[in-house]
>>> print(open('data36.csv').read())   # CSV, C-alpha atoms and all ligand atoms
chain,number,residue,atom,x,y,z
A,20,MET,CA,-140.2,-17.6,26.3
A,21,GLU,CA,-138.4,-20.9,26.3
A,22,ARG,CA,-139.1,-24.5,25.4
A,23,GLN,CA,-137.0,-27.6,25.6
A,24,VAL,CA,-136.9,-29.6,22.3
A,25,GLY,CA,-135.0,-32.8,22.7
A,26,ASN,CA,-131.5,-31.8,23.9
A,27,THR,CA,-131.9,-28.2,22.7
A,28,LYS,CA,-133.3,-25.1,24.4
A,29,LEU,CA,-135.4,-23.0,22.1
A,30,VAL,CA,-135.5,-19.4,23.2
A,31,LEU,CA,-137.5,-16.4,21.9
A,32,VAL,CA,-136.2,-13.0,22.9
A,33,ARG,CA,-136.5,-9.4,21.7
A,34,GLY,CA,-133.1,-7.9,20.7
A,35,ASP,CA,-130.5,-7.1,18.1
A,36,ILE,CA,-128.9,-10.1,16.5
A,37,THR,CA,-125.5,-8.3,16.1
A,38,ARG,CA,-125.1,-8.3,19.9
A,39,GLN,CA,-125.7,-11.9,20.6
A,40,LYS,CA,-123.0,-14.0,22.3
A,41,VAL,CA,-123.6,-17.2,20.4
A,42,ASP,CA,-121.4,-19.4,18.2
A,43,ALA,CA,-123.2,-18.4,15.0
A,44,VAL,CA,-125.8,-15.8,13.9
A,45,VAL,CA,-127.9,-16.2,10.8
A,46,ASN,CA,-128.2,-13.5,8.3
A,47,ALA,CA,-131.3,-12.9,6.2
A,48,ALA,CA,-129.3,-12.2,3.0
A,49,ASN,CA,-130.1,-11.9,-0.7
A,50,PRO,CA,-128.7,-14.1,-3.4
A,51,SER,CA,-125.8,-11.7,-4.3
A,52,LEU,CA,-124.4,-12.0,-0.7
A,53,MET,CA,-123.2,-8.4,-1.2
A,54,GLY,CA,-125.1,-6.9,1.7
A,55,GLY,CA,-128.3,-4.9,1.8
A,56,GLY,CA,-130.7,-3.3,4.3
A,57,GLY,CA,-132.4,-4.7,7.5
A,58,VAL,CA,-130.6,-7.4,9.4
A,59,ASP,CA,-128.1,-7.9,6.5
A,60,GLY,CA,-127.0,-4.3,6.6
A,61,ALA,CA,-126.7,-4.4,10.4
A,62,ILE,CA,-124.6,-7.6,10.4
A,63,HIS,CA,-122.1,-6.3,7.8
A,64,ARG,CA,-121.8,-2.9,9.5
A,65,ALA,CA,-121.2,-4.5,12.9
A,66,GLY,CA,-119.1,-7.4,11.7
A,67,GLY,CA,-116.8,-5.4,9.4
A,68,PRO,CA,-115.2,-6.1,5.9
A,69,ALA,CA,-113.9,-9.6,6.7
A,70,ILE,CA,-117.5,-11.0,6.2
A,71,LEU,CA,-117.9,-9.4,2.8
A,72,ASP,CA,-114.5,-10.6,1.7
A,73,GLU,CA,-115.5,-14.2,2.4
A,74,CYS,CA,-118.9,-13.7,0.7
A,75,ARG,CA,-117.1,-12.5,-2.4
A,76,ARG,CA,-114.9,-15.6,-2.4
A,77,ILE,CA,-118.0,-17.8,-2.0
A,78,VAL,CA,-119.9,-16.2,-4.8
A,79,LYS,CA,-116.8,-16.6,-7.1
A,80,GLU,CA,-116.8,-20.3,-6.3
A,81,ILE,CA,-120.5,-21.2,-6.3
A,82,GLY,CA,-122.3,-18.2,-7.9
A,83,ARG,CA,-125.4,-16.6,-6.4
A,84,LEU,CA,-127.0,-18.3,-3.4
A,85,ALA,CA,-130.4,-19.8,-4.2
A,86,PRO,CA,-133.3,-19.1,-1.8
A,87,GLY,CA,-133.5,-21.8,0.8
A,88,ASN,CA,-129.7,-22.5,0.9
A,89,ALA,CA,-127.2,-21.4,3.5
A,90,VAL,CA,-123.4,-20.8,3.6
A,91,ALA,CA,-121.1,-19.8,6.5
A,92,THR,CA,-118.4,-17.1,6.9
A,93,THR,CA,-116.4,-15.7,9.7
A,94,GLY,CA,-118.3,-13.5,12.2
A,95,GLY,CA,-115.6,-10.8,11.7
A,96,CYS,CA,-115.8,-8.3,14.7
A,97,LEU,CA,-119.2,-9.7,15.9
A,98,PRO,CA,-119.3,-11.5,19.3
A,99,ALA,CA,-120.4,-14.6,17.2
A,100,SER,CA,-117.6,-16.6,15.6
A,101,HIS,CA,-119.6,-17.4,12.5
A,102,VAL,CA,-122.3,-15.8,10.3
A,103,ILE,CA,-124.5,-18.2,8.4
A,104,HIS,CA,-126.0,-16.5,5.4
A,105,THR,CA,-129.3,-17.7,4.1
A,106,VAL,CA,-131.8,-16.4,1.6
A,107,GLY,CA,-135.5,-16.5,2.4
A,108,PRO,CA,-138.3,-16.4,-0.1
A,109,ILE,CA,-139.8,-13.2,-1.4
A,110,TRP,CA,-143.5,-13.3,-0.6
A,111,LYS,CA,-145.6,-13.6,-3.8
A,112,GLY,CA,-149.0,-14.7,-2.2
A,113,GLY,CA,-147.9,-18.0,-0.8
A,114,GLY,CA,-148.6,-20.2,-3.8
A,115,ARG,CA,-145.0,-20.2,-5.2
A,116,GLY,CA,-143.4,-22.5,-2.7
A,117,GLU,CA,-142.7,-19.8,-0.2
A,118,PRO,CA,-143.4,-22.0,2.9
A,119,GLN,CA,-141.0,-24.7,1.6
A,120,VAL,CA,-138.3,-22.2,0.8
A,121,LEU,CA,-138.6,-20.5,4.2
A,122,LYS,CA,-138.4,-23.9,6.0
A,123,SER,CA,-135.4,-24.9,4.0
A,124,ALA,CA,-133.6,-21.6,4.9
A,125,TYR,CA,-134.0,-22.5,8.6
A,126,VAL,CA,-133.0,-26.1,8.3
A,127,GLU,CA,-130.0,-25.5,6.0
A,128,SER,CA,-128.8,-22.9,8.4
A,129,LEU,CA,-129.1,-25.3,11.3
A,130,LYS,CA,-127.1,-27.9,9.3
A,131,ARG,CA,-124.3,-25.4,8.6
A,132,ALA,CA,-124.2,-24.6,12.4
A,133,GLU,CA,-124.0,-28.3,13.3
A,134,GLU,CA,-121.3,-28.9,10.7
A,135,LEU,CA,-119.2,-26.0,12.2
A,136,GLY,CA,-119.6,-27.6,15.7
A,137,CYS,CA,-121.6,-24.7,17.1
A,138,ARG,CA,-123.4,-25.1,20.4
A,139,SER,CA,-125.6,-22.1,20.0
A,140,VAL,CA,-127.1,-20.3,17.0
A,141,ALA,CA,-129.3,-17.2,16.7
A,142,PHE,CA,-131.9,-16.5,14.0
A,143,PRO,CA,-133.7,-13.3,13.0
A,144,SER,CA,-137.2,-13.4,11.6
A,145,ILE,CA,-136.2,-14.3,8.0
A,146,SER,CA,-138.3,-12.9,5.1
A,147,THR,CA,-140.6,-10.8,7.2
A,148,GLY,CA,-139.0,-7.4,6.5
A,149,ALA,CA,-138.1,-6.4,2.9
A,150,TYR,CA,-139.3,-9.7,1.6
A,151,GLY,CA,-142.8,-9.2,2.8
A,152,TYR,CA,-143.7,-12.6,4.3
A,153,PRO,CA,-146.8,-12.3,6.6
A,154,LEU,CA,-145.5,-12.3,10.1
A,155,GLY,CA,-147.8,-14.8,11.8
A,156,GLU,CA,-147.4,-17.4,9.0
A,157,ALA,CA,-143.6,-16.9,8.9
A,158,ALA,CA,-143.4,-17.4,12.6
A,159,ARG,CA,-145.3,-20.7,12.4
A,160,GLU,CA,-143.2,-22.0,9.5
A,161,ALA,CA,-140.0,-21.0,11.2
A,162,LEU,CA,-140.8,-22.6,14.5
A,163,GLU,CA,-142.2,-25.8,12.9
A,164,ALA,CA,-139.1,-26.2,10.8
A,165,VAL,CA,-136.7,-25.7,13.7
A,166,ILE,CA,-138.7,-27.9,16.1
A,167,THR,CA,-139.0,-30.7,13.6
A,168,HIS,CA,-135.2,-30.6,12.9
A,169,LEU,CA,-134.3,-30.5,16.6
A,170,GLU,CA,-136.7,-33.3,17.5
A,171,ALA,CA,-134.8,-35.6,15.2
A,172,GLY,CA,-131.7,-35.0,17.4
A,173,SER,CA,-129.2,-32.2,17.3
A,174,PRO,CA,-125.9,-31.4,19.1
A,175,LEU,CA,-127.1,-27.8,19.4
A,176,GLU,CA,-127.6,-26.7,23.0
A,177,GLU,CA,-129.5,-23.5,22.2
A,178,VAL,CA,-131.4,-22.1,19.3
A,179,ARG,CA,-132.4,-18.5,19.9
A,180,PHE,CA,-134.8,-16.4,17.9
A,181,VAL,CA,-133.8,-12.7,18.2
A,182,LEU,CA,-136.7,-10.6,17.3
A,183,PHE,CA,-136.4,-6.9,16.7
A,184,SER,CA,-139.6,-5.5,18.1
A,185,ASP,CA,-142.4,-6.3,20.5
A,186,THR,CA,-144.7,-7.0,17.6
A,187,VAL,CA,-142.4,-9.6,16.1
A,188,LEU,CA,-141.6,-11.2,19.4
A,189,ALA,CA,-145.4,-11.4,20.2
A,190,ALA,CA,-146.1,-13.1,16.8
A,191,TYR,CA,-143.4,-15.8,17.6
A,192,GLU,CA,-144.7,-16.3,21.1
A,193,THR,CA,-148.3,-16.8,19.8
A,194,ALA,CA,-147.1,-19.2,17.2
A,195,LEU,CA,-145.0,-21.2,19.7
A,196,THR,CA,-147.9,-21.3,22.2
A,197,ARG,CA,-150.2,-22.7,19.4
A,198,LEU,CA,-147.7,-25.5,18.5
A,199,LYS,CA,-148.2,-28.6,20.4
A,200,PRO,CA,-145.5,-29.3,23.0
B,1,LIG,N1,-131.5,-7.8,14.7
B,1,LIG,C1,-132.6,-8.6,14.6
B,1,LIG,N2,-133.5,-8.4,13.7
B,1,LIG,C2,-133.4,-7.4,12.9
B,1,LIG,C3,-132.3,-6.5,12.9
B,1,LIG,C4,-131.3,-6.7,13.9
B,1,LIG,N3,-130.2,-6.0,14.0
B,1,LIG,N4,-132.5,-5.6,11.9
B,1,LIG,C5,-133.7,-5.8,11.3
B,1,LIG,N5,-134.2,-6.9,11.9
B,1,LIG,P1,-135.1,-8.0,6.7
B,1,LIG,P2,-135.9,-10.1,4.8
B,1,LIG,C6,-135.5,-7.6,11.6
B,1,LIG,O1,-135.7,-6.9,5.8
B,1,LIG,O2,-137.3,-9.8,4.9
B,1,LIG,C7,-132.0,-7.1,3.0
B,1,LIG,O3,-131.8,-6.0,2.2
B,1,LIG,C8,-136.6,-6.9,10.8
B,1,LIG,O4,-137.3,-6.0,11.7
B,1,LIG,O5,-133.8,-7.7,7.3
B,1,LIG,O6,-135.5,-11.5,4.8
B,1,LIG,C9,-131.3,-8.3,2.3
B,1,LIG,O7,-130.1,-8.0,1.6
B,1,LIG,C10,-137.5,-8.0,10.4
B,1,LIG,O8,-138.3,-8.5,11.4
B,1,LIG,O9,-135.0,-9.4,5.9
B,1,LIG,C11,-132.4,-8.8,1.4
B,1,LIG,O10,-132.3,-8.1,0.1
B,1,LIG,C12,-136.4,-9.2,10.1
B,1,LIG,O11,-135.2,-8.7,10.7
B,1,LIG,C13,-133.7,-8.5,2.1
B,1,LIG,O12,-133.4,-7.5,3.0
B,1,LIG,C14,-136.2,-9.5,8.6
B,1,LIG,O13,-136.2,-8.3,7.9
B,1,LIG,C15,-134.1,-9.7,2.9
B,1,LIG,O14,-135.4,-9.4,3.5
>>> encode(input="data36.csv", output="structure tokens")
Amino acid sequence: MERQVGNTKLVLVRGDITRQKVDAVVNAANPSLMGGGGVDGAIHRAGGPAILDECRRIVKEIGRLAPGNAVATTGGCLPASHVIHTVGPIWKGGGRGEPQVLKSAYVESLKRAEELGCRSVAFPSISTGAYGYPLGEAAREALEAVITHLEAGSPLEEVRFVLFSDTVLAAYETALTRLKP
């Protein structure tokens, strides 16, 4: 599924984020930036040790990465030149600022991509695996945040959501269909 938002093409596909030929891929990391399971594990495995080396340097400099923030490293051996590491919220029922933190994770990641001069960026479905955010709600927050940011004007040509299963893709397609054009 695709939708034009301002100057940017918004695309939803099923796939593996480590294989995307885009300028930057976003990692659903944790505050330690030292790797983990899910998409984080896949990115470090496929991208090799150069990514973790840069993460170590960043943590030395700024400490742990707060949820809702984002930092960039090399893409190592990935097809993407850059990895943007962000931390989504851990779902605790929805009353602890989870929607705001999730939106911030997307918007801060878009800002890092724009600062790097990227033309294309790929996102996974942040927080909907180990962090337990309900899929339908996360899809709506994610798309709203990205669309609002792009409508304000962005040099990005493509923002791609790379969703790991038919179920996750369907949730994002439903959420996008429900959002007004
Ligand atoms: N490509 C695209 N999506 C993927 C891939 C992949 N290769 N692998 C998994 N997913 P999760 P979170 C999907 O758990 O909920 C880590 O341990 C997955 O099916 O990766 O933000 C970190 O270190 C799901 O739809 O991220 C943190 O501790 C989505 O990616 C914690 O997990 C997100 O699932 C972050 O949890």
>>> residues_near_ligand(input="data36.csv", ligand="ligand LIG 1 (chain B)", cutoff="8 Å", atoms="only C-alpha atoms and all ligand atoms", output="count of residues only")
39
>>> atom_distance(input="data36.csv", atom1="atom CA of Pro153 of chain A", atom2="atom CA of Leu195 of chain A")
15.9 Å
>>> closest_residue(input="data36.csv", among="A:Arg83, A:Arg64, A:His101, A:Lys28", to="Gly136 of chain A", atoms="all atoms listed in the file")
A:His101
>>> closest_residue(input="data36.csv", among="A:Ala43, A:Ala189, A:Ile77, A:Ala157", to="Glu133 of chain A", atoms="all atoms listed in the file")
A:Ala43
>>> atom_distance(input="data36.csv", atom1="atom CA of Val102 of chain A", atom2="atom CA of Ala194 of chain A")
26.0 Å
>>> residues_near_point(input="data36.csv", point="(-132.2, -32.0, 27.3)", cutoff="12 Å", atoms="all atoms listed in the file", output="CSV table (one decimal) with C-alpha atoms, in the frame of the given file")
chain,number,residue,atom,x,y,z
A,22,ARG,CA,-139.1,-24.5,25.4
A,23,GLN,CA,-137.0,-27.6,25.6
A,24,VAL,CA,-136.9,-29.6,22.3
A,25,GLY,CA,-135.0,-32.8,22.7
A,26,ASN,CA,-131.5,-31.8,23.9
A,27,THR,CA,-131.9,-28.2,22.7
A,28,LYS,CA,-133.3,-25.1,24.4
A,29,LEU,CA,-135.4,-23.0,22.1
A,169,LEU,CA,-134.3,-30.5,16.6
A,170,GLU,CA,-136.7,-33.3,17.5
A,172,GLY,CA,-131.7,-35.0,17.4
A,173,SER,CA,-129.2,-32.2,17.3
A,174,PRO,CA,-125.9,-31.4,19.1
A,175,LEU,CA,-127.1,-27.8,19.4
A,176,GLU,CA,-127.6,-26.7,23.0
A,177,GLU,CA,-129.5,-23.5,22.2
>>> build_atoms(input="data36.csv", residues="segment 103-126 of chain A", atoms="N, CA, C and O atoms", output="PDB file, keeping the file's coordinate frame")
ATOM      1  N   ILE A 103    -123.944 -17.287   9.379  1.00  0.00           N
ATOM      2  CA  ILE A 103    -124.500 -18.200   8.400  1.00  0.00           C
ATOM      3  C   ILE A 103    -125.492 -17.382   7.547  1.00  0.00           C
ATOM      4  O   ILE A 103    -126.467 -16.835   8.073  1.00  0.00           O
ATOM      5  N   HIS A 104    -125.173 -17.283   6.257  1.00  0.00           N
ATOM      6  CA  HIS A 104    -126.000 -16.500   5.400  1.00  0.00           C
ATOM      7  C   HIS A 104    -126.992 -17.352   4.659  1.00  0.00           C
ATOM      8  O   HIS A 104    -126.617 -18.348   4.034  1.00  0.00           O
ATOM      9  N   THR A 105    -128.259 -16.984   4.784  1.00  0.00           N
ATOM     10  CA  THR A 105    -129.300 -17.700   4.100  1.00  0.00           C
ATOM     11  C   THR A 105    -130.158 -16.739   3.318  1.00  0.00           C
ATOM     12  O   THR A 105    -130.100 -15.533   3.566  1.00  0.00           O
ATOM     13  N   VAL A 106    -130.938 -17.252   2.384  1.00  0.00           N
ATOM     14  CA  VAL A 106    -131.800 -16.400   1.600  1.00  0.00           C
ATOM     15  C   VAL A 106    -133.248 -16.953   1.750  1.00  0.00           C
ATOM     16  O   VAL A 106    -133.499 -18.109   1.390  1.00  0.00           O
ATOM     17  N   GLY A 107    -134.125 -16.151   2.302  1.00  0.00           N
ATOM     18  CA  GLY A 107    -135.500 -16.500   2.400  1.00  0.00           C
ATOM     19  C   GLY A 107    -136.271 -16.250   1.125  1.00  0.00           C
ATOM     20  O   GLY A 107    -135.721 -15.650   0.202  1.00  0.00           O
ATOM     21  N   PRO A 108    -137.521 -16.666   1.055  1.00  0.00           N
ATOM     22  CA  PRO A 108    -138.300 -16.400  -0.100  1.00  0.00           C
ATOM     23  C   PRO A 108    -138.871 -14.962  -0.111  1.00  0.00           C
ATOM     24  O   PRO A 108    -139.156 -14.415   0.951  1.00  0.00           O
ATOM     25  N   ILE A 109    -139.043 -14.396  -1.303  1.00  0.00           N
ATOM     26  CA  ILE A 109    -139.800 -13.200  -1.400  1.00  0.00           C
ATOM     27  C   ILE A 109    -141.281 -13.570  -1.492  1.00  0.00           C
ATOM     28  O   ILE A 109    -141.641 -14.488  -2.244  1.00  0.00           O
ATOM     29  N   TRP A 110    -142.114 -12.959  -0.649  1.00  0.00           N
ATOM     30  CA  TRP A 110    -143.500 -13.300  -0.600  1.00  0.00           C
ATOM     31  C   TRP A 110    -144.242 -12.917  -1.872  1.00  0.00           C
ATOM     32  O   TRP A 110    -144.197 -11.754  -2.274  1.00  0.00           O
ATOM     33  N   LYS A 111    -144.887 -13.912  -2.525  1.00  0.00           N
ATOM     34  CA  LYS A 111    -145.600 -13.600  -3.800  1.00  0.00           C
ATOM     35  C   LYS A 111    -147.053 -14.162  -3.645  1.00  0.00           C
ATOM     36  O   LYS A 111    -147.618 -14.621  -4.638  1.00  0.00           O
ATOM     37  N   GLY A 112    -147.579 -14.200  -2.417  1.00  0.00           N
ATOM     38  CA  GLY A 112    -149.000 -14.700  -2.200  1.00  0.00           C
ATOM     39  C   GLY A 112    -149.053 -16.023  -1.573  1.00  0.00           C
ATOM     40  O   GLY A 112    -150.125 -16.437  -1.163  1.00  0.00           O
ATOM     41  N   GLY A 113    -147.959 -16.762  -1.516  1.00  0.00           N
ATOM     42  CA  GLY A 113    -147.900 -18.000  -0.800  1.00  0.00           C
ATOM     43  C   GLY A 113    -148.066 -19.257  -1.657  1.00  0.00           C
ATOM     44  O   GLY A 113    -147.864 -20.375  -1.189  1.00  0.00           O
ATOM     45  N   GLY A 114    -148.378 -19.066  -2.938  1.00  0.00           N
ATOM     46  CA  GLY A 114    -148.600 -20.200  -3.800  1.00  0.00           C
ATOM     47  C   GLY A 114    -147.359 -20.553  -4.674  1.00  0.00           C
ATOM     48  O   GLY A 114    -147.435 -21.370  -5.590  1.00  0.00           O
ATOM     49  N   ARG A 115    -146.246 -19.920  -4.392  1.00  0.00           N
ATOM     50  CA  ARG A 115    -145.000 -20.200  -5.200  1.00  0.00           C
ATOM     51  C   ARG A 115    -143.956 -20.867  -4.409  1.00  0.00           C
ATOM     52  O   ARG A 115    -142.764 -20.609  -4.606  1.00  0.00           O
ATOM     53  N   GLY A 116    -144.388 -21.731  -3.494  1.00  0.00           N
ATOM     54  CA  GLY A 116    -143.400 -22.500  -2.700  1.00  0.00           C
ATOM     55  C   GLY A 116    -142.767 -21.730  -1.587  1.00  0.00           C
ATOM     56  O   GLY A 116    -141.782 -22.196  -1.000  1.00  0.00           O
ATOM     57  N   GLU A 117    -143.329 -20.577  -1.238  1.00  0.00           N
ATOM     58  CA  GLU A 117    -142.700 -19.800  -0.200  1.00  0.00           C
ATOM     59  C   GLU A 117    -142.524 -20.521   1.133  1.00  0.00           C
ATOM     60  O   GLU A 117    -141.461 -20.435   1.747  1.00  0.00           O
ATOM     61  N   PRO A 118    -143.548 -21.280   1.619  1.00  0.00           N
ATOM     62  CA  PRO A 118    -143.400 -22.000   2.900  1.00  0.00           C
ATOM     63  C   PRO A 118    -142.205 -22.983   2.853  1.00  0.00           C
ATOM     64  O   PRO A 118    -141.420 -23.068   3.804  1.00  0.00           O
ATOM     65  N   GLN A 119    -142.089 -23.727   1.758  1.00  0.00           N
ATOM     66  CA  GLN A 119    -141.000 -24.700   1.600  1.00  0.00           C
ATOM     67  C   GLN A 119    -139.646 -24.046   1.627  1.00  0.00           C
ATOM     68  O   GLN A 119    -138.695 -24.525   2.258  1.00  0.00           O
ATOM     69  N   VAL A 120    -139.550 -22.942   0.903  1.00  0.00           N
ATOM     70  CA  VAL A 120    -138.300 -22.200   0.800  1.00  0.00           C
ATOM     71  C   VAL A 120    -137.895 -21.649   2.178  1.00  0.00           C
ATOM     72  O   VAL A 120    -136.740 -21.711   2.613  1.00  0.00           O
ATOM     73  N   LEU A 121    -138.884 -21.106   2.880  1.00  0.00           N
ATOM     74  CA  LEU A 121    -138.600 -20.500   4.200  1.00  0.00           C
ATOM     75  C   LEU A 121    -138.134 -21.626   5.162  1.00  0.00           C
ATOM     76  O   LEU A 121    -137.141 -21.449   5.878  1.00  0.00           O
ATOM     77  N   LYS A 122    -138.826 -22.758   5.164  1.00  0.00           N
ATOM     78  CA  LYS A 122    -138.400 -23.900   6.000  1.00  0.00           C
ATOM     79  C   LYS A 122    -137.008 -24.309   5.711  1.00  0.00           C
ATOM     80  O   LYS A 122    -136.185 -24.561   6.605  1.00  0.00           O
ATOM     81  N   SER A 123    -136.728 -24.427   4.431  1.00  0.00           N
ATOM     82  CA  SER A 123    -135.400 -24.900   4.000  1.00  0.00           C
ATOM     83  C   SER A 123    -134.320 -23.880   4.469  1.00  0.00           C
ATOM     84  O   SER A 123    -133.230 -24.295   4.874  1.00  0.00           O
ATOM     85  N   ALA A 124    -134.611 -22.583   4.441  1.00  0.00           N
ATOM     86  CA  ALA A 124    -133.600 -21.600   4.900  1.00  0.00           C
ATOM     87  C   ALA A 124    -133.254 -21.848   6.353  1.00  0.00           C
ATOM     88  O   ALA A 124    -132.073 -21.785   6.724  1.00  0.00           O
ATOM     89  N   TYR A 125    -134.243 -22.164   7.179  1.00  0.00           N
ATOM     90  CA  TYR A 125    -134.000 -22.500   8.600  1.00  0.00           C
ATOM     91  C   TYR A 125    -133.197 -23.776   8.749  1.00  0.00           C
ATOM     92  O   TYR A 125    -132.189 -23.840   9.477  1.00  0.00           O
ATOM     93  N   VAL A 126    -133.655 -24.813   8.057  1.00  0.00           N
ATOM     94  CA  VAL A 126    -133.000 -26.100   8.300  1.00  0.00           C
ATOM     95  C   VAL A 126    -131.602 -26.147   7.701  1.00  0.00           C
ATOM     96  O   VAL A 126    -130.687 -26.679   8.352  1.00  0.00           O
TER      97      VAL A 126
END
